[in-house]
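Structure data (mmCIF, C-alpha atoms) from entry_35.cif:
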```cif
data_upload
loop_
_atom_site.label_atom_id
_atom_site.label_comp_id
_atom_site.auth_asym_id
_atom_site.auth_seq_id
_atom_site.Cartn_x
_atom_site.Cartn_y
_atom_site.Cartn_z
CA MET A 5 -133.00 -15.53 -36.34
CA ILE A 6 -132.38 -18.00 -33.51
CA ARG A 7 -135.08 -20.26 -34.87
CA SER A 8 -133.53 -20.47 -38.35
CA CYS A 9 -130.18 -21.20 -36.73
CA LEU A 10 -131.76 -24.05 -34.76
CA TYR A 11 -133.36 -25.44 -37.91
CA ILE A 12 -130.02 -25.51 -39.70
CA LEU A 13 -128.38 -27.29 -36.79
CA LEU A 14 -131.27 -29.76 -36.50
CA ILE A 15 -131.23 -30.65 -40.20
CA GLY A 16 -127.45 -30.83 -40.27
CA GLY A 17 -127.41 -33.09 -37.24
CA PHE A 18 -130.06 -35.32 -38.75
CA VAL A 19 -128.19 -35.67 -42.05
CA ILE A 20 -124.91 -36.49 -40.33
CA GLY A 21 -126.61 -38.88 -37.91
CA ALA A 22 -128.53 -40.64 -40.65
CA GLY A 23 -125.37 -40.96 -42.72
CA THR A 24 -123.22 -42.45 -40.02
CA LEU A 25 -125.58 -44.42 -37.81
CA MET A 26 -127.98 -45.99 -40.27
CA PRO A 27 -126.91 -49.16 -42.04
CA PRO A 28 -126.46 -48.48 -45.75
CA LEU A 29 -129.66 -49.16 -47.66
CA VAL A 30 -127.86 -49.79 -50.92
CA GLY A 31 -124.58 -51.42 -51.65
CA THR A 32 -125.05 -54.31 -49.26
CA ALA A 33 -124.50 -56.68 -52.18
CA THR A 34 -120.98 -57.98 -52.37
CA ALA A 35 -118.89 -59.47 -55.12
CA ILE A 36 -117.21 -61.94 -52.79
CA THR A 37 -117.65 -65.63 -53.61
CA ALA A 38 -117.98 -68.47 -51.14
CA GLU A 39 -114.59 -70.03 -51.88
CA GLU A 40 -112.82 -66.74 -51.15
CA MET A 41 -114.15 -66.61 -47.60
CA LEU A 42 -112.03 -67.52 -44.63
CA ALA A 43 -113.13 -70.32 -42.35
CA ASP A 44 -112.54 -68.23 -39.24
CA PRO A 45 -115.61 -65.95 -38.95
CA LEU A 46 -113.65 -63.39 -36.94
CA LEU A 47 -110.96 -63.05 -39.58
CA GLU A 48 -113.60 -63.03 -42.31
CA THR A 49 -115.41 -60.13 -40.62
CA ARG A 50 -112.14 -58.21 -40.46
CA ALA A 51 -111.50 -59.03 -44.10
CA ARG A 52 -114.93 -57.69 -45.07
CA ASN A 53 -114.36 -54.53 -43.04
CA LEU A 54 -111.01 -53.92 -44.69
CA SER A 55 -112.39 -54.70 -48.13
CA GLN A 56 -115.00 -51.99 -47.73
CA LYS A 57 -112.29 -49.42 -47.04
CA LEU A 58 -110.19 -50.30 -50.08
CA ARG A 59 -110.72 -48.93 -53.54
CA CYS A 60 -110.82 -51.11 -56.60
CA LEU A 61 -108.25 -49.30 -58.75
CA VAL A 62 -109.80 -50.45 -61.99
CA CYS A 63 -113.35 -49.25 -61.35
CA GLN A 64 -112.13 -46.48 -59.03
CA ASN A 65 -115.45 -45.73 -57.38
CA GLN A 66 -116.21 -49.12 -55.90
CA SER A 67 -114.69 -50.84 -52.94
CA ILE A 68 -112.95 -54.15 -53.58
CA ASP A 69 -115.79 -55.69 -51.57
CA ASP A 70 -118.31 -54.50 -54.17
CA SER A 71 -116.32 -54.96 -57.33
CA ASP A 72 -116.29 -57.92 -59.65
CA ALA A 73 -113.07 -56.79 -61.32
CA ASP A 74 -110.15 -59.20 -61.44
CA LEU A 75 -107.87 -56.84 -59.56
CA ALA A 76 -110.47 -56.46 -56.78
CA LYS A 77 -110.54 -60.23 -56.44
CA ASP A 78 -106.74 -60.32 -56.22
CA LEU A 79 -106.75 -57.60 -53.59
CA ARG A 80 -109.41 -59.43 -51.54
CA ARG A 81 -107.26 -62.54 -51.69
CA GLU A 82 -104.19 -60.53 -50.67
CA VAL A 83 -106.03 -58.97 -47.71
CA ARG A 84 -107.13 -62.42 -46.54
CA ALA A 85 -103.68 -63.92 -47.04
CA GLN A 86 -102.16 -61.18 -44.91
CA LEU A 87 -104.86 -61.62 -42.24
CA VAL A 88 -104.09 -65.32 -42.04
CA GLN A 89 -100.42 -64.41 -41.58
CA GLY A 90 -101.54 -62.59 -38.43
CA LYS A 91 -101.06 -59.02 -39.64
CA THR A 92 -103.04 -56.22 -38.01
CA ASP A 93 -105.64 -54.22 -39.97
CA GLU A 94 -103.39 -51.15 -39.88
CA ALA A 95 -100.41 -53.10 -41.18
CA ILE A 96 -102.44 -54.44 -44.10
CA LEU A 97 -103.78 -51.01 -45.02
CA SER A 98 -100.33 -49.42 -44.84
CA ASP A 99 -98.84 -52.25 -46.94
CA LEU A 100 -101.37 -51.61 -49.70
CA ARG A 101 -100.85 -47.86 -49.39
CA ALA A 102 -97.13 -48.39 -49.94
CA LYS A 103 -97.91 -50.18 -53.20
CA TYR A 104 -100.82 -48.21 -54.62
CA GLY A 105 -100.72 -44.90 -52.74
CA ASP A 106 -103.39 -43.11 -50.71
CA PHE A 107 -105.79 -43.53 -53.61
CA VAL A 108 -106.32 -47.16 -52.61
CA LEU A 109 -108.16 -45.93 -49.50
CA LEU A 110 -111.73 -44.88 -50.21
CA ALA A 111 -111.56 -42.31 -47.41
CA PRO A 112 -108.51 -40.12 -48.02
CA PRO A 113 -106.35 -39.72 -44.89
CA LEU A 114 -106.32 -36.30 -43.23
CA ALA A 115 -103.01 -34.82 -44.34
CA LYS A 116 -101.60 -31.51 -45.48
CA ASN A 117 -102.65 -32.00 -49.09
CA THR A 118 -106.15 -33.24 -48.21
CA MET A 119 -106.87 -30.53 -45.64
CA ALA A 120 -108.94 -28.48 -48.10
CA LEU A 121 -110.94 -31.57 -49.01
CA TRP A 122 -111.85 -32.31 -45.40
CA LEU A 123 -112.40 -28.75 -44.21
CA ALA A 124 -114.23 -27.36 -47.27
CA PRO A 125 -117.64 -28.86 -46.28
CA ILE A 126 -117.42 -27.26 -42.83
CA GLY A 127 -116.36 -24.00 -44.44
CA PHE A 128 -119.28 -24.10 -46.85
CA LEU A 129 -121.69 -24.88 -44.00
CA LEU A 130 -120.42 -21.86 -42.05
CA LEU A 131 -120.60 -19.74 -45.21
CA GLY A 132 -124.19 -20.88 -45.75
CA ILE A 133 -125.15 -20.10 -42.17
CA GLY A 134 -123.46 -16.70 -42.50
CA ILE A 135 -125.32 -15.86 -45.70
CA THR A 136 -128.63 -17.09 -44.27
CA LEU A 137 -128.28 -14.99 -41.17
CA GLY A 138 -126.71 -12.03 -42.97
CA ILE A 139 -129.48 -11.44 -45.49
CA PRO A 140 -132.05 -9.09 -43.94
CA ARG A 141 -135.54 -10.55 -43.80
CA ARG A 142 -137.66 -8.92 -46.56
CA ALA A 143 -139.80 -6.13 -45.10
CA THR A 144 -143.48 -7.10 -44.91
CA VAL A 145 -145.41 -5.66 -47.81
CA PRO A 146 -147.71 -2.81 -46.61
CA ALA A 147 -151.42 -3.47 -47.13
CA PRO A 148 -152.77 -1.67 -50.21
CA SER A 149 -154.66 1.52 -49.39
CA PRO A 150 -158.42 1.25 -49.87
CA ILE A 151 -159.90 2.56 -53.12
CA SER A 152 -161.21 6.06 -52.83
CA HIS A 153 -164.86 6.96 -53.58
CA ALA A 154 -163.88 8.94 -56.66
CA ASP A 155 -161.90 5.97 -58.09
CA ARG A 156 -164.77 3.59 -57.39
CA ALA A 157 -167.19 5.85 -59.26
CA GLN A 158 -164.81 5.95 -62.22
CA ILE A 159 -164.53 2.14 -62.27
CA GLU A 160 -168.31 1.80 -62.24
CA ALA A 161 -168.61 4.29 -65.09
CA LEU A 162 -166.04 2.36 -67.14
CA LYS A 163 -167.84 -0.93 -66.50
CA GLN A 164 -171.14 0.58 -67.64
CA ASN A 165 -169.48 2.00 -70.70
CA HIS A 166 -167.98 -1.37 -71.61
CA LYS A 167 -171.32 -3.15 -71.28
CA THR A 168 -173.20 -0.74 -73.56
CA ALA A 169 -170.37 -0.70 -76.06
CA SER A 170 -170.26 -4.51 -76.40
CA LYS A 171 -174.06 -4.96 -76.62
CA PRO A 172 -174.57 -4.50 -80.40
CA ASP A 173 -172.15 -7.30 -81.13
CA GLN A 174 -174.24 -9.83 -79.30
CA PRO A 175 -176.95 -11.71 -81.17
CA MET B 18 -122.69 1.26 -64.24
CA SER B 19 -124.37 2.32 -61.06
CA ARG B 20 -127.59 0.88 -62.46
CA PHE B 21 -126.34 -2.60 -61.55
CA ARG B 22 -126.05 -3.74 -57.99
CA PRO B 23 -122.67 -5.32 -57.16
CA THR B 24 -124.40 -8.71 -56.62
CA PHE B 25 -125.41 -8.63 -60.29
CA PHE B 26 -121.85 -9.56 -61.27
CA ILE B 27 -121.43 -12.52 -58.89
CA PRO B 28 -122.78 -15.19 -61.32
CA LEU B 29 -120.73 -13.71 -64.16
CA ILE B 30 -117.51 -13.77 -62.13
CA ALA B 31 -118.26 -17.29 -60.89
CA PHE B 32 -118.84 -18.47 -64.45
CA LEU B 33 -115.64 -16.89 -65.72
CA GLY B 34 -113.68 -18.51 -62.88
CA LEU B 35 -115.08 -21.95 -63.69
CA ALA B 36 -114.52 -21.42 -67.41
CA ILE B 37 -110.85 -20.58 -66.82
CA ILE B 38 -110.31 -23.67 -64.59
CA GLY B 39 -112.09 -25.90 -67.11
CA GLY B 40 -110.16 -24.40 -70.02
CA LEU B 41 -106.80 -24.99 -68.34
CA ALA B 42 -107.74 -28.60 -67.51
CA LEU B 43 -108.92 -29.22 -71.06
CA GLN B 44 -105.76 -27.71 -72.48
CA GLY B 45 -103.66 -29.97 -70.25
CA THR B 46 -105.64 -33.04 -71.34
CA LEU B 47 -105.39 -32.19 -75.03
CA SER B 48 -101.67 -31.52 -74.87
CA GLY B 49 -101.16 -34.81 -73.02
CA SER B 50 -99.50 -33.29 -69.97
CA ARG B 51 -102.44 -34.16 -67.77
CA ASN B 52 -104.27 -37.48 -67.74
CA PRO B 53 -106.91 -37.81 -65.04
CA ASN B 54 -107.02 -41.59 -65.52
CA GLN B 55 -103.33 -42.05 -64.78
CA LEU B 56 -102.75 -42.94 -61.15
CA PRO B 57 -99.39 -41.65 -60.01
CA SER B 58 -97.14 -44.49 -58.91
CA VAL B 59 -95.97 -44.25 -55.32
CA LEU B 60 -92.93 -46.34 -56.19
CA ILE B 61 -91.19 -43.56 -58.14
CA GLY B 62 -87.78 -43.04 -56.55
CA LYS B 63 -88.02 -46.32 -54.66
CA PRO B 64 -86.10 -49.52 -55.40
CA ALA B 65 -87.86 -51.91 -57.76
CA PRO B 66 -89.78 -54.58 -55.81
CA ASP B 67 -87.91 -57.81 -55.49
CA VAL B 68 -90.52 -60.51 -55.99
CA PRO B 69 -89.01 -63.81 -57.11
CA LEU B 70 -90.55 -64.93 -60.41
CA PRO B 71 -89.96 -68.07 -62.48
CA LEU B 72 -88.70 -67.52 -65.99
CA LEU B 73 -91.11 -68.25 -68.82
CA GLN B 74 -88.57 -70.40 -70.65
CA ASP B 75 -87.35 -72.23 -67.55
CA VAL B 76 -89.54 -72.52 -64.47
CA GLN B 77 -86.59 -73.74 -62.41
CA ALA B 78 -84.70 -70.48 -62.98
CA GLU B 79 -85.57 -67.18 -61.37
CA LEU B 80 -85.84 -63.76 -62.94
CA ALA B 81 -83.17 -61.60 -61.27
CA LEU B 82 -83.48 -57.88 -61.91
CA ASP B 83 -80.23 -57.34 -59.99
CA ALA B 84 -78.34 -58.91 -62.88
CA TYR B 85 -79.24 -55.89 -65.00
CA ARG B 86 -77.87 -53.26 -62.60
CA GLY B 87 -75.61 -50.65 -64.10
CA GLN B 88 -77.80 -49.90 -67.08
CA PRO B 89 -81.22 -48.38 -67.54
CA LEU B 90 -83.93 -51.01 -67.78
CA LEU B 91 -87.55 -51.15 -68.86
CA VAL B 92 -89.92 -53.55 -67.12
CA ASN B 93 -93.08 -54.22 -69.09
CA PHE B 94 -96.09 -56.03 -67.66
CA PHE B 95 -98.04 -57.64 -70.47
CA ALA B 96 -100.45 -60.48 -71.19
CA SER B 97 -101.59 -62.34 -74.26
CA TRP B 98 -105.20 -61.54 -73.36
CA CYS B 99 -104.57 -57.81 -73.34
CA ALA B 100 -105.42 -55.98 -76.56
CA PRO B 101 -103.42 -52.78 -75.88
CA CYS B 102 -100.36 -55.02 -75.37
CA ARG B 103 -100.66 -56.05 -79.02
CA ALA B 104 -100.93 -52.39 -79.98
CA GLU B 105 -97.71 -51.47 -78.20
CA ALA B 106 -95.73 -54.48 -79.46
CA PRO B 107 -94.13 -52.57 -82.39
CA ALA B 108 -93.14 -49.71 -80.05
CA LEU B 109 -91.45 -52.16 -77.65
CA GLU B 110 -89.72 -53.87 -80.57
CA HIS B 111 -88.35 -50.51 -81.64
CA LEU B 112 -87.30 -49.56 -78.10
CA SER B 113 -85.45 -52.83 -77.59
CA ASN B 114 -82.68 -51.47 -79.86
CA GLN B 115 -81.93 -48.76 -77.29
CA ILE B 116 -82.66 -50.29 -73.90
CA SER B 117 -82.97 -53.74 -72.33
CA ILE B 118 -86.59 -54.66 -71.69
CA ILE B 119 -87.74 -57.22 -69.15
CA GLY B 120 -91.17 -58.69 -69.79
CA ILE B 121 -93.44 -59.91 -67.03
CA ALA B 122 -96.34 -62.04 -68.22
CA TYR B 123 -99.16 -60.94 -65.94
CA LYS B 124 -101.80 -63.57 -65.09
CA ASP B 125 -101.29 -65.42 -68.31
CA ARG B 126 -100.99 -69.07 -69.30
CA PRO B 127 -97.41 -69.83 -70.44
CA GLN B 128 -98.53 -71.45 -73.69
CA ASP B 129 -100.63 -68.36 -74.51
CA THR B 130 -97.68 -66.10 -73.71
CA GLN B 131 -95.45 -68.12 -76.05
CA LYS B 132 -98.03 -67.87 -78.82
CA PHE B 133 -98.33 -64.12 -78.27
CA LEU B 134 -94.54 -63.68 -78.52
CA LYS B 135 -94.39 -65.73 -81.68
CA GLN B 136 -97.12 -63.64 -83.28
CA TYR B 137 -96.19 -60.13 -82.14
CA GLY B 138 -92.45 -60.46 -81.65
CA ASN B 139 -90.27 -60.83 -78.58
CA PRO B 140 -88.50 -57.60 -77.59
CA PHE B 141 -87.56 -58.91 -74.13
CA VAL B 142 -84.15 -59.89 -72.78
CA ALA B 143 -85.89 -62.02 -70.16
CA ILE B 144 -89.49 -62.88 -69.31
CA GLY B 145 -90.82 -63.61 -65.86
CA ARG B 146 -94.08 -65.35 -65.07
CA ASP B 147 -96.46 -63.65 -62.68
CA ASP B 148 -99.17 -66.29 -62.78
CA ASP B 149 -101.28 -65.04 -59.87
CA GLY B 150 -100.56 -61.30 -60.19
CA ARG B 151 -98.79 -61.01 -56.84
CA ALA B 152 -95.68 -59.46 -58.34
CA GLY B 153 -97.92 -57.01 -60.19
CA MET B 154 -99.45 -56.07 -56.85
CA ALA B 155 -96.02 -55.41 -55.36
CA TRP B 156 -95.28 -53.08 -58.27
CA GLY B 157 -98.65 -51.33 -57.95
CA VAL B 158 -99.88 -52.62 -61.29
CA TYR B 159 -103.59 -51.95 -61.78
CA GLY B 160 -103.93 -53.01 -65.39
CA VAL B 161 -101.81 -54.25 -68.27
CA PRO B 162 -99.82 -53.03 -70.08
CA GLU B 163 -97.75 -51.08 -67.59
CA THR B 164 -94.17 -50.06 -68.12
CA TYR B 165 -91.56 -49.05 -65.56
CA LEU B 166 -88.23 -47.38 -66.15
CA ILE B 167 -85.49 -48.50 -63.75
CA ASP B 168 -82.27 -46.52 -63.42
CA PRO B 169 -78.81 -48.15 -63.25
CA SER B 170 -78.96 -48.20 -59.43
CA GLY B 171 -82.21 -50.17 -59.48
CA GLN B 172 -84.60 -47.33 -58.62
CA ILE B 173 -87.93 -46.87 -60.36
CA LYS B 174 -87.81 -43.56 -62.22
CA TRP B 175 -90.97 -43.54 -64.29
CA ARG B 176 -94.15 -45.54 -64.79
CA HIS B 177 -96.65 -45.53 -67.59
CA ALA B 178 -100.01 -47.30 -67.34
CA GLY B 179 -101.49 -48.17 -70.72
CA PRO B 180 -99.88 -48.82 -74.08
CA LEU B 181 -96.67 -47.01 -75.00
CA THR B 182 -97.54 -44.66 -77.82
CA ARG B 183 -95.08 -42.69 -79.90
CA HIS B 184 -96.20 -39.56 -78.05
CA VAL B 185 -95.57 -41.11 -74.62
CA ILE B 186 -92.16 -42.40 -75.71
CA THR B 187 -90.92 -39.12 -77.19
CA SER B 188 -92.47 -36.73 -74.66
CA GLN B 189 -91.80 -38.72 -71.47
CA LEU B 190 -89.68 -41.85 -71.71
CA MET B 191 -86.90 -40.39 -73.86
CA GLN B 192 -86.64 -37.38 -71.56
CA LYS B 193 -86.29 -39.59 -68.49
CA LEU B 194 -83.72 -41.72 -70.25
CA ALA B 195 -81.74 -38.66 -71.26
CA GLU B 196 -81.75 -37.44 -67.64
CA MET B 197 -80.09 -40.71 -66.63
CA GLN B 198 -77.23 -40.50 -69.08
#
```
Rendering of file as structure tokens:
Amino acid sequence: MIRSCLYILLIGGFVIGAGTLMPPLVGTATAITAEEMLADPLLETRARNLSQKLRCLVCQNQSIDDSDADLAKDLRREVRAQLVQGKTDEAILSDLRAKYGDFVLLAPPLAKNTMALWLAPIGFLLLGIGITLGIPRRATVPAPSPISHADRAQIEALKQNHKTASKPDQP
Amino acid sequence: MSRFRPTFFIPLIAFLGLAIIGGLALQGTLSGSRNPNQLPSVLIGKPAPDVPLPLLQDVQAELALDAYRGQPLLVNFFASWCAPCRAEAPALEHLSNQISIIGIAYKDRPQDTQKFLKQYGNPFVAIGRDDDGRAGMAWGVYGVPETYLIDPSGQIKWRHAGPLTRHVITSQLMQKLAEMQ
């Protein structure tokens, strides 16, 4: 019981750790072109970070950093223009949220209406652990009792019978 | 009944639950009351963005939405390169008899816009030029055509992304307009 619990925690921890700590293996390609980039590397890094958090509203499952869509390009340009104006990251994100809504953020903010979304995975994990621990381990199957002498004699007799019966058919 | 363990019914109940949810969603989609591709506009109930735009006919002059206060107003983002805009042109033409419509040419070349208006008709009382799409961004436009209904006080009351069809006009726009009057 304790061991299975530990396994669950270990695997869960590994999955979460791998997801958050490892650099993404896919999706490192970006749609950004050289002329879009800012000269200041610090600002450009912030622009890239912000772009990865913002949804392209045309393709809807890509960030504006990944997307080749026209609107994504416009949004990248807007983010950079606002960065050059000296706006903070938070100010830029909240400006775009005011125009396009929470949907523009790839990670939905934790709010009353997104509570179920954020808490459901934890709930399901707990449910899974509960079910795993709640189901009684299947009782070990008892070893079959040895064949009695009488049964063995009967089997031998049947075997003999079968042999003699099938003999005439053979060439 | 006692032949079945209670767990026997779990998959059946789960399936029925999913079937009911799916059925309701499908019914909503078919009746047009629910469109999963429509992003709700966050600007509903807010004042229309005030982004200065040059007029198509006269670059020196500015499109002023304030001038149309006191009456309901439609603002239509369109472009000559947008096929659904051609499709909704007759609907806009028809609507222009009932309500003033402002056109905003979204990321279009002025000469192309002019050609488009000549070919498909000009239902607009004024046309602004949003050459780089920045005004569209302020309005939360994510594709053309998009149409906004502004009330007499200058607040956005309704937004439709995609072409205005007869169904959208009768089931949504006309209702909103009636609420205003």
Residue nearest Leu42 in chain A - candidates A:Arg80, A:Asp72, A:Ala102, A:Ala95, atoms counted: only C-alpha atoms: A:Arg80
Can you turn the PyMOL selection byres ((chain B) within 6 of (chain A)) into a concrete residue list for this file, as an MDAnalysis selection string? chainID B and resid 59 155 157
Which one of B:Ile173, B:Ala195, B:Ile27, B:Ile186 sits closest to Lys63 in chain B if you count all atoms listed in the file?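 Result for the nearest residue to Lys63 in chain B: B:Ile173.
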As an exercise, work out the distance from CA of Phe141 in chain B to CA of Ser113 in chain B in Å and give it to one decimal place. 7.3 Å
Here's the selection I'm unsure about, the PyMOL selection byres ((chain B and resi 81-88) around 9); applied to the file above, which residues does it give, as a list in words?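 Residues picked by the PyMOL selection byres ((chain B and resi 81-88) around 9): Ala65, Asp67, Pro69, Leu70, Glu79, Leu80, Pro89, Leu90, Ile116, Ser117, Ile119, Ile167, Asp168, Pro169, Ser170 and Gly171 of chain B.
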Two-atom distance - CA of Trp175 in chain B, CA of Ser55 in chain A (Å):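 Separation of CA of Trp175 in chain B and CA of Ser55 in chain A: 29.1 Å.
Atom to atom, CA of Asp75 in chain B and CA of Gly120 in chain B stand 14.2 Å apart.
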All residues 12 Å or closer to Ala35 in chain A, all atoms listed in the file, same chain fewer than 2 positions away omitted, as a compact mmCIF listing (two decimals) with C-alpha atoms, keeping the file's coordinate frame:
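Final output, saved to out15.txt:
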```txt
# COMPACT_ATOMS: atom_id res chain seq x y z
CA GLY A 31 -124.58 -51.42 -51.65
CA THR A 32 -125.05 -54.31 -49.26
CA ALA A 33 -124.50 -56.68 -52.18
CA THR A 37 -117.65 -65.63 -53.61
CA ALA A 38 -117.98 -68.47 -51.14
CA GLU A 39 -114.59 -70.03 -51.88
CA GLU A 40 -112.82 -66.74 -51.15
CA MET A 41 -114.15 -66.61 -47.60
CA ARG A 52 -114.93 -57.69 -45.07
CA SER A 55 -112.39 -54.70 -48.13
CA GLN A 56 -115.00 -51.99 -47.73
CA CYS A 60 -110.82 -51.11 -56.60
CA GLN A 66 -116.21 -49.12 -55.90
CA SER A 67 -114.69 -50.84 -52.94
CA ILE A 68 -112.95 -54.15 -53.58
CA ASP A 69 -115.79 -55.69 -51.57
CA ASP A 70 -118.31 -54.50 -54.17
CA SER A 71 -116.32 -54.96 -57.33
CA ASP A 72 -116.29 -57.92 -59.65
CA ALA A 73 -113.07 -56.79 -61.32
CA ASP A 74 -110.15 -59.20 -61.44
CA ALA A 76 -110.47 -56.46 -56.78
CA LYS A 77 -110.54 -60.23 -56.44
CA ARG A 80 -109.41 -59.43 -51.54
```
Nearest to His184 in chain B: which of B:Leu56, B:Ser48, B:Val68, B:Asp125 is it, counting only C-alpha atoms?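 Result for the nearest residue to His184 in chain B: B:Ser48.
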Residue by residue, what does the PyMOL selection byres ((chain A and resi 57) around 8) grab here? Present the result as a PyMOL selection string. chain A and resi 53-56+58-59+67+109-111
Nearest-residue call for Ala152 in chain B, choices B:Lys132, B:Pro66, B:Arg183, B:Glu105, using all atoms listed in the file: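 Counting all atoms listed in the file, the residue closest to Ala152 in chain B is B:Pro66.
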Long-range neighbours of Phe94 in chain B as a list in words, 8 Å cut-off, only C-alpha atoms, 2 positions minimum in chain: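 Residues meeting the cut-off are Val92, Ala96, Gly120, Ile121, Ala122, Tyr123, Gly153, Val161, Pro162, Glu163 and Thr164 of chain B.
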Okay, now the selection with C-alpha atoms, as a PDB file, in the coordinates of the input?
```pdb
ATOM      1  CA  VAL B  92     -89.920 -53.550 -67.120  1.00  0.00           C
ATOM      2  CA  ALA B  96    -100.450 -60.480 -71.190  1.00  0.00           C
ATOM      3  CA  GLY B 120     -91.170 -58.690 -69.790  1.00  0.00           C
ATOM      4  CA  ILE B 121     -93.440 -59.910 -67.030  1.00  0.00           C
ATOM      5  CA  ALA B 122     -96.340 -62.040 -68.220  1.00  0.00           C
ATOM      6  CA  TYR B 123     -99.160 -60.940 -65.940  1.00  0.00           C
ATOM      7  CA  GLY B 153     -97.920 -57.010 -60.190  1.00  0.00           C
ATOM      8  CA  VAL B 161    -101.810 -54.250 -68.270  1.00  0.00           C
ATOM      9  CA  PRO B 162     -99.820 -53.030 -70.080  1.00  0.00           C
ATOM     10  CA  GLU B 163     -97.750 -51.080 -67.590  1.00  0.00           C
ATOM     11  CA  THR B 164     -94.170 -50.060 -68.120  1.00  0.00           C
TER      12      THR B 164
END
```
